[in-house]
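Source file: structure_24.cif. Holds: mmCIF, C-alpha atoms.
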data_model
#
loop_
_atom_site.group_PDB
_atom_site.id
_atom_site.type_symbol
_atom_site.label_atom_id
_atom_site.label_comp_id
_atom_site.auth_asym_id
_atom_site.auth_seq_id
_atom_site.Cartn_x
_atom_site.Cartn_y
_atom_site.Cartn_z
ATOM 1 C CA MET L 1430 -3.120 -12.249 6.673
ATOM 2 C CA SER L 1431 -2.912 -13.216 10.310
ATOM 3 C CA PRO L 1432 -3.523 -16.870 11.182
ATOM 4 C CA ARG L 1433 -6.792 -15.956 12.893
ATOM 5 C CA GLN L 1434 -8.144 -14.050 9.876
ATOM 6 C CA VAL L 1435 -7.106 -16.809 7.509
ATOM 7 C CA LEU L 1436 -8.797 -19.504 9.590
ATOM 8 C CA LEU L 1437 -11.982 -17.488 10.006
ATOM 9 C CA ARG L 1438 -12.134 -17.065 6.229
ATOM 10 C CA ALA L 1439 -11.501 -20.754 5.786
ATOM 11 C CA ARG L 1440 -14.392 -21.511 8.133
ATOM 12 C CA ASP L 1441 -16.690 -19.112 6.267
ATOM 13 C CA ALA L 1442 -15.657 -20.727 2.992
ATOM 14 C CA GLY L 1443 -16.604 -24.126 4.390
ATOM 15 C CA LEU L 1444 -13.134 -25.635 4.179
ATOM 16 C CA SER L 1445 -12.364 -28.717 6.241
ATOM 17 C CA MET L 1446 -8.658 -28.755 5.397
ATOM 18 C CA LEU L 1447 -6.201 -25.963 4.751
ATOM 19 C CA ALA L 1448 -2.472 -25.978 4.079
ATOM 20 C CA VAL L 1449 -0.438 -23.074 5.381
ATOM 21 C CA ALA L 1450 2.679 -22.725 3.257
ATOM 22 C CA ASP L 1451 4.568 -19.464 3.661
ATOM 23 C CA HIS L 1452 7.609 -18.562 1.616
ATOM 24 C CA ASN L 1453 10.698 -20.111 3.219
ATOM 25 C CA ALA L 1454 8.913 -19.502 6.527
ATOM 26 C CA SER L 1455 6.618 -21.285 8.965
ATOM 27 C CA ALA L 1456 6.324 -19.088 12.064
ATOM 28 C CA HIS L 1457 2.514 -18.957 11.860
ATOM 29 C CA VAL L 1458 1.835 -22.629 11.311
ATOM 30 C CA GLN L 1459 1.622 -23.654 14.959
ATOM 31 C CA THR L 1460 -0.829 -20.854 15.712
ATOM 32 C CA ALA L 1461 -2.857 -21.693 12.622
ATOM 33 C CA ARG L 1462 -2.970 -25.355 13.647
ATOM 34 C CA ARG L 1463 -4.278 -24.485 17.113
ATOM 35 C CA LEU L 1464 -6.908 -22.145 15.735
ATOM 36 C CA GLY L 1465 -7.853 -24.740 13.148
ATOM 37 C CA GLY L 1466 -8.353 -27.262 15.918
ATOM 38 C CA ASP L 1467 -10.861 -24.927 17.588
ATOM 39 C CA LEU L 1468 -12.733 -24.427 14.313
ATOM 40 C CA GLY L 1469 -12.723 -28.041 13.137
ATOM 41 C CA ILE L 1470 -10.375 -27.322 10.253
ATOM 42 C CA LEU L 1471 -7.370 -29.572 9.696
ATOM 43 C CA VAL L 1472 -4.348 -27.352 9.116
ATOM 44 C CA VAL L 1473 -1.574 -28.972 7.100
ATOM 45 C CA PRO L 1474 1.844 -27.733 8.263
ATOM 46 C CA GLY L 1475 3.640 -26.602 5.140
ATOM 47 C CA MET L 1476 6.140 -24.320 3.499
ATOM 48 C CA GLU L 1477 6.672 -23.003 0.026
ATOM 49 C CA VAL L 1478 10.417 -23.413 -0.270
ATOM 50 C CA GLU L 1479 12.463 -21.789 -3.009
ATOM 51 C CA SER L 1480 15.241 -23.967 -4.402
ATOM 52 C CA ARG L 1481 18.647 -22.852 -5.596
ATOM 53 C CA GLU L 1482 17.280 -23.038 -9.142
ATOM 54 C CA GLU L 1483 14.598 -20.559 -7.989
ATOM 55 C CA VAL L 1484 11.840 -23.140 -8.303
ATOM 56 C CA HIS L 1485 9.021 -22.944 -5.758
ATOM 57 C CA LEU L 1486 8.114 -26.271 -4.164
ATOM 58 C CA LEU L 1487 5.359 -26.988 -1.661
ATOM 59 C CA ALA L 1488 6.519 -29.085 1.259
ATOM 60 C CA TYR L 1489 3.675 -30.560 3.308
ATOM 61 C CA PHE L 1490 4.077 -32.365 6.611
ATOM 62 C CA THR L 1491 1.800 -34.123 9.057
ATOM 63 C CA GLU L 1492 3.429 -32.960 12.285
ATOM 64 C CA LEU L 1493 4.896 -29.670 13.471
ATOM 65 C CA PRO L 1494 8.297 -31.032 14.592
ATOM 66 C CA ALA L 1495 9.060 -32.215 11.059
ATOM 67 C CA LEU L 1496 8.246 -28.757 9.699
ATOM 68 C CA ALA L 1497 10.378 -27.160 12.426
ATOM 69 C CA GLU L 1498 13.327 -29.338 11.469
ATOM 70 C CA PHE L 1499 12.887 -28.442 7.835
ATOM 71 C CA GLN L 1500 12.745 -24.759 8.777
ATOM 72 C CA LEU L 1501 16.111 -25.056 10.539
ATOM 73 C CA LEU L 1502 17.653 -26.394 7.364
ATOM 74 C CA VAL L 1503 16.018 -23.705 5.270
ATOM 75 C CA ASP L 1504 17.253 -21.016 7.668
ATOM 76 C CA GLN L 1505 20.801 -22.303 7.298
ATOM 77 C CA ALA L 1506 20.444 -22.350 3.533
ATOM 78 C CA LEU L 1507 19.088 -18.824 3.198
ATOM 79 C CA PRO L 1508 21.510 -15.926 2.792
ATOM 80 C CA GLN L 1509 22.332 -14.326 6.122
ATOM 81 C CA GLN L 1510 20.838 -11.046 5.060
ATOM 82 C CA PRO L 1511 18.146 -8.756 6.411
ATOM 83 C CA ASN L 1512 14.799 -8.312 4.726
ATOM 84 C CA ALA L 1513 14.290 -5.190 2.617
ATOM 85 C CA PRO L 1514 10.787 -4.104 3.678
ATOM 86 C CA GLU L 1515 10.580 -1.373 1.051
ATOM 87 C CA VAL L 1516 10.701 -4.087 -1.594
ATOM 88 C CA PHE L 1517 9.307 -7.208 0.077
ATOM 89 C CA GLY L 1518 7.066 -5.728 2.753
ATOM 90 C CA TYR L 1519 7.193 -6.175 6.503
ATOM 91 C CA GLN L 1520 7.090 -9.783 7.688
ATOM 92 C CA LEU L 1521 4.828 -9.296 10.703
ATOM 93 C CA LEU L 1522 4.270 -12.046 13.249
ATOM 94 C CA TYR L 1523 0.827 -12.399 14.830
ATOM 95 C CA ASP L 1524 -0.557 -14.299 17.798
ATOM 96 C CA GLU L 1525 -3.925 -16.047 18.035
ATOM 97 C CA GLN L 1526 -5.669 -12.802 18.896
ATOM 98 C CA ASP L 1527 -4.378 -10.930 15.836
ATOM 99 C CA GLU L 1528 -1.894 -8.973 17.936
ATOM 100 C CA ILE L 1529 1.433 -8.230 16.285
ATOM 101 C CA VAL L 1530 3.996 -9.914 18.468
ATOM 102 C CA GLY L 1531 7.100 -9.652 16.355
ATOM 103 C CA LEU L 1532 8.840 -8.901 13.115
ATOM 104 C CA ASP L 1533 10.739 -11.416 11.018
ATOM 105 C CA GLU L 1534 13.731 -9.440 9.806
ATOM 106 C CA ARG L 1535 15.417 -12.109 7.709
ATOM 107 C CA LEU L 1536 15.521 -12.023 3.944
ATOM 108 C CA ARG L 1537 13.191 -14.818 2.809
ATOM 109 C CA GLN L 1538 12.004 -13.715 -0.640
ATOM 110 C CA VAL L 1539 14.985 -15.340 -2.359
ATOM 111 C CA GLY L 1540 16.193 -18.816 -3.195
ATOM 112 C CA THR L 1541 17.826 -21.068 -0.636
ATOM 113 C CA ALA L 1542 21.065 -22.886 -1.364
ATOM 114 C CA LEU L 1543 19.118 -26.166 -1.495
ATOM 115 C CA GLY L 1544 18.767 -27.879 -4.855
ATOM 116 C CA ILE L 1545 15.500 -29.492 -5.932
ATOM 117 C CA GLU L 1546 16.777 -33.032 -5.428
ATOM 118 C CA GLN L 1547 18.016 -32.205 -1.965
ATOM 119 C CA ILE L 1548 14.687 -30.685 -1.033
ATOM 120 C CA ILE L 1549 12.787 -33.751 -2.244
ATOM 121 C CA ARG L 1550 15.075 -36.093 -0.291
ATOM 122 C CA THR L 1551 14.954 -34.009 2.857
ATOM 123 C CA VAL L 1552 11.192 -33.533 2.882
ATOM 124 C CA ARG L 1553 10.629 -37.248 2.266
ATOM 125 C CA GLY L 1554 13.114 -38.077 4.980
ATOM 126 C CA LEU L 1555 11.021 -36.008 7.360
ATOM 127 C CA GLY L 1556 7.867 -37.863 6.356
ATOM 128 C CA GLY L 1557 6.526 -35.096 4.188
ATOM 129 C CA ALA L 1558 5.020 -34.711 0.735
ATOM 130 C CA ILE L 1559 6.481 -32.577 -2.025
ATOM 131 C CA VAL L 1560 4.573 -30.808 -4.792
ATOM 132 C CA PRO L 1561 6.196 -28.333 -7.203
ATOM 133 C CA ALA L 1562 4.164 -25.133 -7.125
ATOM 134 C CA HIS L 1563 2.383 -23.416 -10.053
ATOM 135 C CA ILE L 1564 4.408 -25.371 -12.609
ATOM 136 C CA HIS L 1565 3.356 -23.271 -15.621
ATOM 137 C CA ARG L 1566 4.081 -19.913 -14.070
ATOM 138 C CA ARG L 1567 6.366 -17.594 -16.066
ATOM 139 C CA ARG L 1568 8.786 -17.340 -13.170
ATOM 140 C CA THR L 1569 9.844 -19.543 -10.246
ATOM 141 C CA SER L 1570 8.280 -22.665 -11.681
ATOM 142 C CA LEU L 1571 9.708 -25.994 -12.852
ATOM 143 C CA LEU L 1572 8.931 -25.059 -16.438
ATOM 144 C CA SER L 1573 10.294 -21.515 -16.267
ATOM 145 C CA GLN L 1574 13.509 -22.548 -14.551
ATOM 146 C CA LEU L 1575 14.233 -26.002 -15.976
ATOM 147 C CA GLY L 1576 12.091 -26.086 -19.084
ATOM 148 C CA PHE L 1577 10.633 -29.476 -18.298
ATOM 149 C CA VAL L 1578 9.019 -31.637 -15.624
ATOM 150 C CA ASP L 1579 11.221 -34.654 -14.934
ATOM 151 C CA PRO L 1580 8.929 -37.686 -15.182
ATOM 152 C CA ALA L 1581 11.254 -39.622 -12.893
ATOM 153 C CA ALA L 1582 11.183 -37.008 -10.126
ATOM 154 C CA ASP L 1583 9.751 -38.126 -6.806
ATOM 155 C CA PHE L 1584 6.893 -35.627 -6.667
ATOM 156 C CA ASP L 1585 3.545 -36.532 -5.084
ATOM 157 C CA ALA L 1586 1.680 -34.348 -7.523
ATOM 158 C CA VAL L 1587 2.177 -31.096 -9.419
ATOM 159 C CA GLU L 1588 0.357 -27.895 -8.581
ATOM 160 C CA VAL L 1589 -1.313 -25.967 -11.356
ATOM 161 C CA ALA L 1590 -2.052 -22.315 -10.566
ATOM 162 C CA ARG L 1591 -5.741 -21.506 -10.242
ATOM 163 C CA PRO L 1592 -6.116 -19.427 -13.437
ATOM 164 C CA GLU L 1593 -4.403 -22.157 -15.450
ATOM 165 C CA TRP L 1594 -6.471 -24.886 -13.748
ATOM 166 C CA VAL L 1595 -9.662 -23.099 -14.711
ATOM 167 C CA LYS L 1596 -8.427 -22.252 -18.201
ATOM 168 C CA ARG L 1597 -7.550 -25.897 -18.889
ATOM 169 C CA GLY L 1598 -10.823 -27.097 -17.416
ATOM 170 C CA LEU L 1599 -8.995 -29.450 -15.063
ATOM 171 C CA ARG L 1600 -10.619 -31.658 -12.463
ATOM 172 C CA LEU L 1601 -9.192 -33.876 -9.751
ATOM 173 C CA GLY L 1602 -7.952 -37.006 -11.441
ATOM 174 C CA ALA L 1603 -6.299 -35.082 -14.232
ATOM 175 C CA ARG L 1604 -2.657 -35.669 -14.966
ATOM 176 C CA VAL L 1605 -0.318 -32.938 -16.116
ATOM 177 C CA ASP L 1606 3.116 -33.798 -17.446
ATOM 178 C CA GLY L 1607 2.743 -37.290 -16.083
ATOM 179 C CA PHE L 1608 1.795 -36.377 -12.539
ATOM 180 C CA PRO L 1609 -1.547 -36.069 -10.725
ATOM 181 C CA ALA L 1610 -2.480 -32.404 -10.743
ATOM 182 C CA ILE L 1611 -3.794 -30.384 -7.842
ATOM 183 C CA ALA L 1612 -4.655 -26.738 -7.403
ATOM 184 C CA GLY L 1613 -5.531 -24.432 -4.575
ATOM 185 C CA SER L 1614 -6.248 -20.820 -3.859
ATOM 186 C CA ASP L 1615 -2.591 -19.909 -3.333
ATOM 187 C CA ALA L 1616 -4.092 -17.084 -1.304
ATOM 188 C CA HIS L 1617 -1.814 -14.116 -0.792
ATOM 189 C CA PHE L 1618 -4.788 -12.011 0.241
ATOM 190 C CA LEU L 1619 -7.626 -12.869 2.632
ATOM 191 C CA GLU L 1620 -10.367 -12.713 0.027
ATOM 192 C CA ASP L 1621 -8.668 -15.489 -1.944
ATOM 193 C CA VAL L 1622 -8.863 -18.043 0.884
ATOM 194 C CA GLY L 1623 -11.151 -20.828 -0.300
ATOM 195 C CA ARG L 1624 -11.388 -19.379 -3.798
ATOM 196 C CA LEU L 1625 -10.560 -22.746 -5.265
ATOM 197 C CA ARG L 1626 -11.019 -25.890 -3.270
ATOM 198 C CA LEU L 1627 -10.570 -29.572 -3.971
ATOM 199 C CA GLU L 1628 -13.332 -31.977 -2.980
ATOM 200 C CA LEU L 1629 -12.679 -35.607 -2.291
ATOM 201 C CA GLU L 1630 -15.151 -38.198 -1.154
ATOM 202 C CA ALA L 1631 -12.833 -39.836 1.268
ATOM 203 C CA ASP L 1632 -11.991 -39.829 4.919
ATOM 204 C CA VAL L 1633 -8.916 -37.670 4.774
ATOM 205 C CA ARG L 1634 -6.914 -37.345 7.972
ATOM 206 C CA ASP L 1635 -3.777 -35.670 6.665
ATOM 207 C CA ILE L 1636 -1.965 -34.539 3.537
ATOM 208 C CA HIS L 1637 -0.905 -38.083 2.657
ATOM 209 C CA GLY L 1638 -4.535 -39.191 2.736
ATOM 210 C CA LEU L 1639 -5.471 -36.315 0.455
ATOM 211 C CA LEU L 1640 -2.697 -37.014 -2.025
ATOM 212 C CA ARG L 1641 -3.419 -40.741 -1.957
ATOM 213 C CA GLY L 1642 -7.011 -39.986 -2.849
ATOM 214 C CA VAL L 1643 -5.882 -37.715 -5.680
ATOM 215 C CA ARG L 1644 -3.477 -40.350 -6.991
ATOM 216 C CA GLN L 1645 -6.216 -42.973 -6.983
ATOM 217 C CA LEU L 1646 -8.485 -40.716 -8.997
ATOM 218 C CA ALA L 1647 -5.654 -40.005 -11.416
ATOM 219 C CA ALA L 1648 -4.881 -43.711 -11.764
ATOM 220 C CA ALA L 1649 -8.506 -44.568 -12.462
ATOM 221 C CA ALA L 1650 -8.829 -41.870 -15.113
ATOM 222 C CA MET I 677 34.432 4.403 -16.825
ATOM 223 C CA THR I 678 31.129 6.273 -16.790
ATOM 224 C CA LEU I 679 27.925 4.696 -17.988
ATOM 225 C CA LYS I 680 27.922 7.186 -20.873
ATOM 226 C CA GLN I 681 31.290 5.867 -22.033
ATOM 227 C CA VAL I 682 30.182 2.257 -21.651
ATOM 228 C CA VAL I 683 27.117 2.931 -23.782
ATOM 229 C CA GLU I 684 29.247 4.523 -26.505
ATOM 230 C CA LEU I 685 31.690 1.626 -26.440
ATOM 231 C CA THR I 686 29.066 -1.106 -26.600
ATOM 232 C CA GLY I 687 26.178 0.419 -28.532
ATOM 233 C CA LEU I 688 23.559 -0.225 -25.868
ATOM 234 C CA CYS I 689 20.031 1.008 -26.618
ATOM 235 C CA PRO I 690 18.561 3.043 -23.761
ATOM 236 C CA VAL I 691 15.131 1.861 -22.592
ATOM 237 C CA TYR I 692 15.107 4.351 -19.749
ATOM 238 C CA LEU I 693 18.037 6.611 -18.893
ATOM 239 C CA ALA I 694 17.943 8.134 -15.424
ATOM 240 C CA ASN I 695 21.560 9.163 -15.029
ATOM 241 C CA GLU I 696 24.357 8.375 -17.467
ATOM 242 C CA ASP I 697 27.076 9.988 -15.373
ATOM 243 C CA VAL I 698 27.241 7.144 -12.872
ATOM 244 C CA GLU I 699 30.441 5.210 -12.558
ATOM 245 C CA VAL I 700 30.563 1.620 -13.800
ATOM 246 C CA ALA I 701 33.062 -0.295 -11.707
ATOM 247 C CA ALA I 702 32.275 -3.867 -12.775
ATOM 248 C CA VAL I 703 30.000 -6.097 -14.842
ATOM 249 C CA TYR I 704 27.856 -8.939 -13.574
ATOM 250 C CA CYS I 705 26.081 -11.578 -15.663
ATOM 251 C CA GLY I 706 23.216 -13.302 -13.870
ATOM 252 C CA ASP I 707 19.643 -14.456 -14.411
ATOM 253 C CA LEU I 708 18.799 -15.881 -11.022
ATOM 254 C CA LEU I 709 17.730 -13.008 -8.785
ATOM 255 C CA SER I 710 18.921 -14.773 -5.648
ATOM 256 C CA ASP I 711 22.351 -15.177 -7.188
ATOM 257 C CA VAL I 712 22.541 -11.549 -8.282
ATOM 258 C CA LEU I 713 21.391 -10.313 -4.883
ATOM 259 C CA ALA I 714 24.106 -12.383 -3.266
ATOM 260 C CA HIS I 715 27.021 -11.506 -5.556
ATOM 261 C CA ILE I 716 26.634 -8.299 -7.546
ATOM 262 C CA ARG I 717 28.793 -5.411 -6.399
ATOM 263 C CA PRO I 718 27.625 -1.789 -6.220
ATOM 264 C CA SER I 719 28.143 0.280 -9.386
ATOM 265 C CA SER I 720 28.015 -2.821 -11.552
ATOM 266 C CA LEU I 721 26.449 -3.080 -14.972
ATOM 267 C CA TRP I 722 24.040 -6.034 -14.767
ATOM 268 C CA LEU I 723 23.602 -8.147 -17.902
ATOM 269 C CA THR I 724 20.531 -10.353 -17.844
ATOM 270 C CA ILE I 725 17.769 -11.951 -19.900
ATOM 271 C CA GLN I 726 15.165 -11.331 -17.205
ATOM 272 C CA GLY I 727 12.836 -8.593 -18.431
ATOM 273 C CA HIS I 728 10.357 -8.701 -15.555
ATOM 274 C CA GLN I 729 9.876 -5.831 -13.121
ATOM 275 C CA HIS I 730 11.613 -7.537 -10.215
ATOM 276 C CA VAL I 731 14.987 -6.768 -11.782
ATOM 277 C CA VAL I 732 14.375 -3.097 -10.975
ATOM 278 C CA ALA I 733 13.927 -3.881 -7.274
ATOM 279 C CA VAL I 734 17.117 -5.928 -7.232
ATOM 280 C CA ALA I 735 19.019 -3.173 -9.069
ATOM 281 C CA GLN I 736 17.885 -0.649 -6.487
ATOM 282 C CA LEU I 737 18.708 -2.849 -3.534
ATOM 283 C CA ARG I 738 22.248 -3.394 -4.776
ATOM 284 C CA ASP I 739 22.944 0.068 -6.149
ATOM 285 C CA VAL I 740 23.495 -1.200 -9.660
ATOM 286 C CA ALA I 741 24.765 1.257 -12.294
ATOM 287 C CA GLY I 742 22.350 -0.090 -14.867
ATOM 288 C CA ILE I 743 20.511 -3.134 -16.199
ATOM 289 C CA VAL I 744 21.146 -4.434 -19.712
ATOM 290 C CA LEU I 745 18.631 -6.836 -21.223
ATOM 291 C CA VAL I 746 20.690 -8.940 -23.586
ATOM 292 C CA ASN I 747 19.783 -11.291 -26.443
ATOM 293 C CA GLY I 748 17.251 -8.759 -27.675
ATOM 294 C CA VAL I 749 14.923 -9.464 -24.759
ATOM 295 C CA ALA I 750 12.272 -6.763 -24.423
ATOM 296 C CA PRO I 751 11.383 -5.454 -20.977
ATOM 297 C CA ASP I 752 7.866 -5.984 -19.608
ATOM 298 C CA PRO I 753 5.851 -2.738 -19.632
ATOM 299 C CA GLN I 754 5.827 -2.772 -15.809
ATOM 300 C CA THR I 755 9.610 -2.932 -15.839
ATOM 301 C CA VAL I 756 9.817 0.324 -17.776
ATOM 302 C CA THR I 757 7.251 1.993 -15.508
ATOM 303 C CA LYS I 758 9.104 0.863 -12.433
ATOM 304 C CA ALA I 759 12.495 1.915 -13.828
ATOM 305 C CA LYS I 760 11.118 5.386 -14.471
ATOM 306 C CA SER I 761 9.583 5.758 -11.029
ATOM 307 C CA GLN I 762 12.672 4.382 -9.274
ATOM 308 C CA GLY I 763 15.290 6.106 -11.421
ATOM 309 C CA VAL I 764 17.032 2.933 -12.581
ATOM 310 C CA ASN I 765 18.957 2.890 -15.877
ATOM 311 C CA VAL I 766 17.740 0.164 -18.253
ATOM 312 C CA PHE I 767 19.204 -0.725 -21.648
ATOM 313 C CA GLY I 768 18.695 -3.298 -24.336
ATOM 314 C CA SER I 769 21.166 -5.090 -26.554
ATOM 315 C CA GLU I 770 20.847 -7.567 -29.392
ATOM 316 C CA GLU I 771 24.151 -9.113 -28.365
ATOM 317 C CA THR I 772 24.845 -11.845 -25.849
ATOM 318 C CA SER I 773 26.327 -11.274 -22.397
ATOM 319 C CA ALA I 774 29.568 -12.850 -23.551
ATOM 320 C CA GLU I 775 29.869 -10.546 -26.558
ATOM 321 C CA LEU I 776 29.279 -7.456 -24.427
ATOM 322 C CA CYS I 777 31.720 -8.629 -21.762
ATOM 323 C CA MET I 778 34.423 -9.253 -24.317
ATOM 324 C CA ARG I 779 33.962 -5.709 -25.570
ATOM 325 C CA LEU I 780 34.357 -4.341 -22.066
ATOM 326 C CA ALA I 781 37.217 -6.627 -21.051
ATOM 327 C CA GLY I 782 40.119 -4.688 -19.620
ATOM 328 C CA ARG I 783 38.384 -1.352 -20.150
ATOM 329 C CA LEU I 784 36.666 -0.776 -16.780
#

Could you rewrite the structure in this file as C-alpha cells?
Amino acid sequence: MSPRQVLLRARDAGLSMLAVADHNASAHVQTARRLGGDLGILVVPGMEVESREEVHLLAYFTELPALAEFQLLVDQALPQQPNAPEVFGYQLLYDEQDEIVGLDERLRQVGTALGIEQIIRTVRGLGGAIVPAHIHRRRTSLLSQLGFVDPAADFDAVEVARPEWVKRGLRLGARVDGFPAIAGSDAHFLEDVGRLRLELEADVRDIHGLLRGVRQLAAAA
Amino acid sequence: MTLKQVVELTGLCPVYLANEDVEVAAVYCGDLLSDVLAHIRPSSLWLTIQGHQHVVAVAQLRDVAGIVLVNGVAPDPQTVTKAKSQGVNVFGSEETSAELCMRLAGRL
C-alpha cells in the first residue's frame, strides 16, 4: 500500500477525492497529496487516531501543516515503545516511485493518551473535521467502547463501516444515532480502494465542502 | 506460585493449557489493550473480558503467564486457534476479576 499504488488505484476507480488516514500516522500523506495533484485527485490529509478509550476517530484536515501539528501531539501521546513487527507488521515508508525509503519503528497500533474530547477540541482548533470511525464495529468503536453515541458531541458526521452501510441500505443523507452518516472503503488492501464511494452533486474543494454537502442532504431528508 | 497452583486455588477452567509450570508473579486486570501493553508485568496472570484474538498477541508480547476470561466470557474461535499455535495459556472463569483477585490476595 504505497502512496503511488493507492493513487493509481484511486484513478482507475474514477475517484476525484480520497482521504488518506493511517493509524496514528501520516508519513505518506504529503507524498500522496503530490501524486494526487498529478492525477487530478484531491487528497484529504487525514489520520485515524486512537483515543485513550481505544476509540478510532478520523481526523481530516485541509492543509498539511495542520496534520503535521496534530501528528506531533499524537507522537507525544503515544507510548515511547518500539513497534513489534511480528504482531503488527513492518511499517514501511515509500517515496513517490514506490521505493522503500525508511521504516517507522514506533509502536502505533495502540491507543494514545488523548481522550475523545481532547481530540475533538484539538482537531477543530487546527481547522479540521472529526468523524468517529466504524461506529458499530465490535472493537475500537464509539459503541464498543462507550456503549453510546453522545448526541451532544461535536462530530461532523459518523462513519459506518462498509458492510454495515450496505446491510442497512444506507444512502448519503441518512442519519445514524443523530448524526449524518458517511462510509468509505476503509481500504487496508489495494483492491479495496474505491470499493465504496460517496457521490455528491456539488463543487467540493475540500473535506469541509464534502461534509457540508452531506449535512445538507441529511437536513433535507 | 505456579500456574498449576493458581488454577487449583481459583478453580479456573482451562481453554488451552500450554504450560502449567510457569511462575505467576502478579495479577493484572485490564480490558483496554493499550493499557495492558503499557502496564502488565512479565509472568502476570491477566484477567480480562476481552475474548478476541488480539489478547493472545498482547500476552505474547508481554510474556504473560496466562489469560483468564472472566465473567463467563467465551473466547472467539480464532482466539483458541491462536493460543494453540502461539503456546499461550488461556482460561475461563464464571467469577468476576474482583472475586478472583480476592482469592489470590496475599498468596502470590

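Residues surrounding His728 of chain I within 10 Å are Arg1567 and Arg1568 of chain L; Ile725, Val731, Val732, Ala750, Pro751, Asp752, Pro753, Gln754, Thr755 and Val756 of chain I [only C-alpha atoms; sequence separation below 3 positions excluded].
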
Next, dump the selected residues to file, keeping only C-alpha atoms, as a PDB file, keeping the file's coordinate frame.
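The new file part.pdb reads:
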ATOM      1  CA  ARG L1567       6.366 -17.594 -16.066  1.00  0.00           C
ATOM      2  CA  ARG L1568       8.786 -17.340 -13.170  1.00  0.00           C
TER       3      ARG L1568
ATOM      4  CA  ILE I 725      17.769 -11.951 -19.900  1.00  0.00           C
ATOM      5  CA  VAL I 731      14.987  -6.768 -11.782  1.00  0.00           C
ATOM      6  CA  VAL I 732      14.375  -3.097 -10.975  1.00  0.00           C
ATOM      7  CA  ALA I 750      12.272  -6.763 -24.423  1.00  0.00           C
ATOM      8  CA  PRO I 751      11.383  -5.454 -20.977  1.00  0.00           C
ATOM      9  CA  ASP I 752       7.866  -5.984 -19.608  1.00  0.00           C
ATOM     10  CA  PRO I 753       5.851  -2.738 -19.632  1.00  0.00           C
ATOM     11  CA  GLN I 754       5.827  -2.772 -15.809  1.00  0.00           C
ATOM     12  CA  THR I 755       9.610  -2.932 -15.839  1.00  0.00           C
ATOM     13  CA  VAL I 756       9.817   0.324 -17.776  1.00  0.00           C
TER      14      VAL I 756
END

(Q) Using all atoms listed in the file and a cut-off of 10 Å, which residues of chain I sit close to chain L? Please list them as an MDAnalysis selection string. (A) chainID I and resid 708:711 713:714 726 728 730 733:734 736:737

Q.
I need the output of the PyMOL selection byres ((chain I and resi 774) around 12) for this file as a PyMOL selection string; which residues are they?
A. chain I and resi 703-706+723-724+746-747+769-773+775-781

Q: Name the residues that the PyMOL selection byres ((chain I and resi 680-686) around 9) pulls out of this structure, and write them as a list in words.
A: Met677, Thr678, Leu679, Gly687, Leu688, Cys689, Pro690, Asn695, Glu696, Asp697, Val698, Glu699, Val700, Phe767, Ser769, Leu776, Arg779, Leu780 and Leu784 of chain I

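Using all atoms listed in the file, the protein and nucleic acid residues lying no more than 12 Å from Ala1616 of chain L, apart from those fewer than 6 places from it along its own chain, are Met1430, Val1435, Arg1438, Ala1439, Leu1447, Ala1448, Val1449, Ala1450, Asp1451, Ala1590, Arg1591, Val1622, Gly1623, Arg1624, Leu1625 and Arg1626 of chain L.
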
(Q) Take the PyMOL selection byres ((chain L and resi 1489) around 12), run it mentally on this structure, and tell me the resulting residues as a ChimeraX atom specification. (A) /L:1447-1451,1455,1458,1472-1478,1486-1488,1490-1493,1495-1497,1499,1548-1549,1551-1553,1555-1562,1584-1586,1635-1640

Q. So how many Å separate atom CA of Ala1648 of chain L and atom CA of Gly1554 of chain L, to one decimal?
A.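 Rounded to one decimal, the two atoms are 25.2 Å apart.
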
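In terms of minimum interatomic distance to Gln762 of chain I, I:Gln729 ranks closest within I:Trp722, I:Gln729, I:Ala701, I:Arg783, counting only C-alpha atoms.
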
Q: Quote the spacing between atom CA of Ile1611 of chain L and atom CA of Lys1596 of chain L in Å to one decimal place.
A: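 So the answer is 14.0 Å.
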
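Coordinates place atom CA of Ser1431 of chain L at a distance of 12.2 Å from atom CA of Gly1531 of chain L.
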
(Q) Could you list, as a VMD selection string, every residue within 12 Å of Asp1467 of chain L, counting only C-alpha atoms and ignoring same-chain residues fewer than 2 positions away? (A) chain L and resid 1433 1436 to 1437 1440 1460 to 1465 1469 to 1472 1525

Q. Taking into account all atoms listed in the file, which residue in the set L:Val1484, L:Leu1536, L:Ala1442, L:Ala1610 is nearest to Gln1520 of chain L?
A.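 Residue with the minimum atom-to-atom distance to Gln1520 of chain L: L:Leu1536.
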
For segment 684-691 of chain I, supply N, CA and C atoms and report the output as a compact mmCIF listing (two decimals), in the coordinates of the input.
# COMPACT_ATOMS: atom_id res chain seq x y z
N GLU I 684 28.61 4.20 -25.22
CA GLU I 684 29.25 4.52 -26.50
C GLU I 684 30.10 3.36 -27.01
N LEU I 685 30.78 2.73 -26.09
CA LEU I 685 31.69 1.63 -26.44
C LEU I 685 30.93 0.39 -26.93
N THR I 686 29.76 0.15 -26.34
CA THR I 686 29.07 -1.11 -26.60
C THR I 686 27.80 -0.97 -27.43
N GLY I 687 27.37 0.25 -27.70
CA GLY I 687 26.18 0.42 -28.53
C GLY I 687 24.90 -0.06 -27.87
N LEU I 688 24.78 0.16 -26.57
CA LEU I 688 23.56 -0.22 -25.87
C LEU I 688 22.42 0.72 -26.23
N CYS I 689 21.20 0.17 -26.32
CA CYS I 689 20.03 1.01 -26.62
C CYS I 689 19.34 1.38 -25.32
N PRO I 690 19.23 2.67 -25.01
CA PRO I 690 18.56 3.04 -23.76
C PRO I 690 17.07 2.74 -23.81
N VAL I 691 16.58 2.07 -22.77
CA VAL I 691 15.13 1.86 -22.59
C VAL I 691 14.62 2.98 -21.69
